[in-house]
Every structure is written in structure tokens, then in C-alpha cells.
Amino acid sequence: MRRSGVIIYRAIGLGAGLILTVLVLWPSVVRADFDAGVQHFKQGRYSQAIREFKNLAELGHIRSLFNVGLMYDQGWGVARDPYMASTWYRLAAMRGDPRAQYNLGLISMQGRGVELSYSKAEAWFLKAADQDYARAQHNLGIMYYEGLGKVERNYDKGMQWLHWAKMNGFKKGRNDLTPFGLTVTKAELYERPGWEGLIFPLTDSG
């Protein structure tokens, strides 16, 4: 079966009514559709953006899975739904997307759409941090340094992760160990070639 440049082989039921498809994607078509979604988002056409992203997400496109989660999280083009956001994030996170793993860490600390759990936040941050995702490394550093939640305080481990975050380009924290907030105020576009998509700025305070 062919649809919009995609060869579909079989569908897998995933719960919450979501369908993920094992497929062979035509890269040029996928890239064009994804870029169209990004452009719609930049120009404020959120309902059109999420339509593009969701079409690709339902076919297993990882960055689109993440973007759909973010748009449900922020209420862009759809009603804000923390549970649906966490569901889409998890699909991307389980396929190795560090941004989705990082966001699951954030919402686990906030109890939005998932159980409030610092231990689960730590676990998701670790998955992203192990991929050199600086935002997750910074938050891990703070968690260990401050002993947040039930995470055991470990100054040495905290400083080590803060150091790695700085080495990997994290700039907002300045390693001053000021307690960080958890309020996400906006989204930004991540422009590094090959990783275009929507991401949270790290625990941004303004």
C-alpha cells in the first residue's frame, strides 16, 4: 500500500488509540512534509503544523512524534492535554530521542500527564545525558548537587554532570548552582542540521 510516498508494511496497536507503522519512508517526501510542518509552526498555523507532524508521527517518524507531544503539551493547534503529550513523548523517547527523554524527565518532576516522580525524572535525564544532551546533564547535576526529591545528594556527581553540560555547550545555567525552576515558558526551533524540530529551552525562566 502506497500513501504520500510511503510504503506501509504493517500496523502495531499502541494503546490510547495510537497506531505506529513499520514502514520504509521515502526520505525526500518525509523531509518535505516535515519542513512544511516546521514552516506552518513558524508562521503560527498550528493546526496545519500538527496535521503534518501527526501524519508522519503515526508512521513512526521520531522527530514528528516528539513535535506532536510538544504541541499537545503547549496546546498549539489542539486542546492542551498533558496525558497525550506524555504518550507521544514516550513513543519518541523509547526510540531514543534525547529531547523526548529530557521532556519526560521534566514532566515527571512536575507530575504533568504522568506520575510525579523524581526517580523517573532521573532515569529519563540519564538516558538523554548519556547521549550528551547538555540540558539533561545540567538538570542531573542540579538534582545530585541539591539532592532533589529522593535522589541521593552527591556533590561530586553533581559537579561532574554540570561540567559535562558546560563542555557540551550548555550556557544558561552558568554553573552557579542557583536552584532551577521548572516552568517552561515557550518553545524554540532547534536549527542544527539534521535535528530540526521543536524543543523546550531548558527550565527557562524568561
# chains A, B, ... in the order shown; residues from 1 in each chain; ligands from 1
>>> residues_around(residues="stretch 102-114 of chain A", least_positions_apart="6", cutoff="9 Å", atoms="only C-alpha atoms", output="JSON, numbers by chain")
{"A": [70, 81, 82, 83, 84, 85, 86, 87, 89, 90, 93, 120, 121, 122, 123, 124, 125, 126, 127, 128, 129, 133, 135, 136, 149, 182, 183, 199, 200, 203]}
>>> residues_around(residues="A:Ala79", least_positions_apart="5", cutoff="12 Å", atoms="only C-alpha atoms", output="list in words")
Tyr46, Ser47, Ile50, Val68, Gly69, Leu70, Met71, Tyr72, Asp73, Gln74, Met84 and Ala85 of chain A
>>> closest_residue(among="A:Leu140, A:Arg95, A:Glu58, A:Ser64", to="A:Gly37", atoms="only C-alpha atoms")
A:Ser64
>>> atom_distance(atom1="atom CA of A:Val30", atom2="atom CA of A:Arg80")
26.3 Å
>>> atom_distance(atom1="atom CA of A:His40", atom2="atom CA of A:Asn67")
12.6 Å
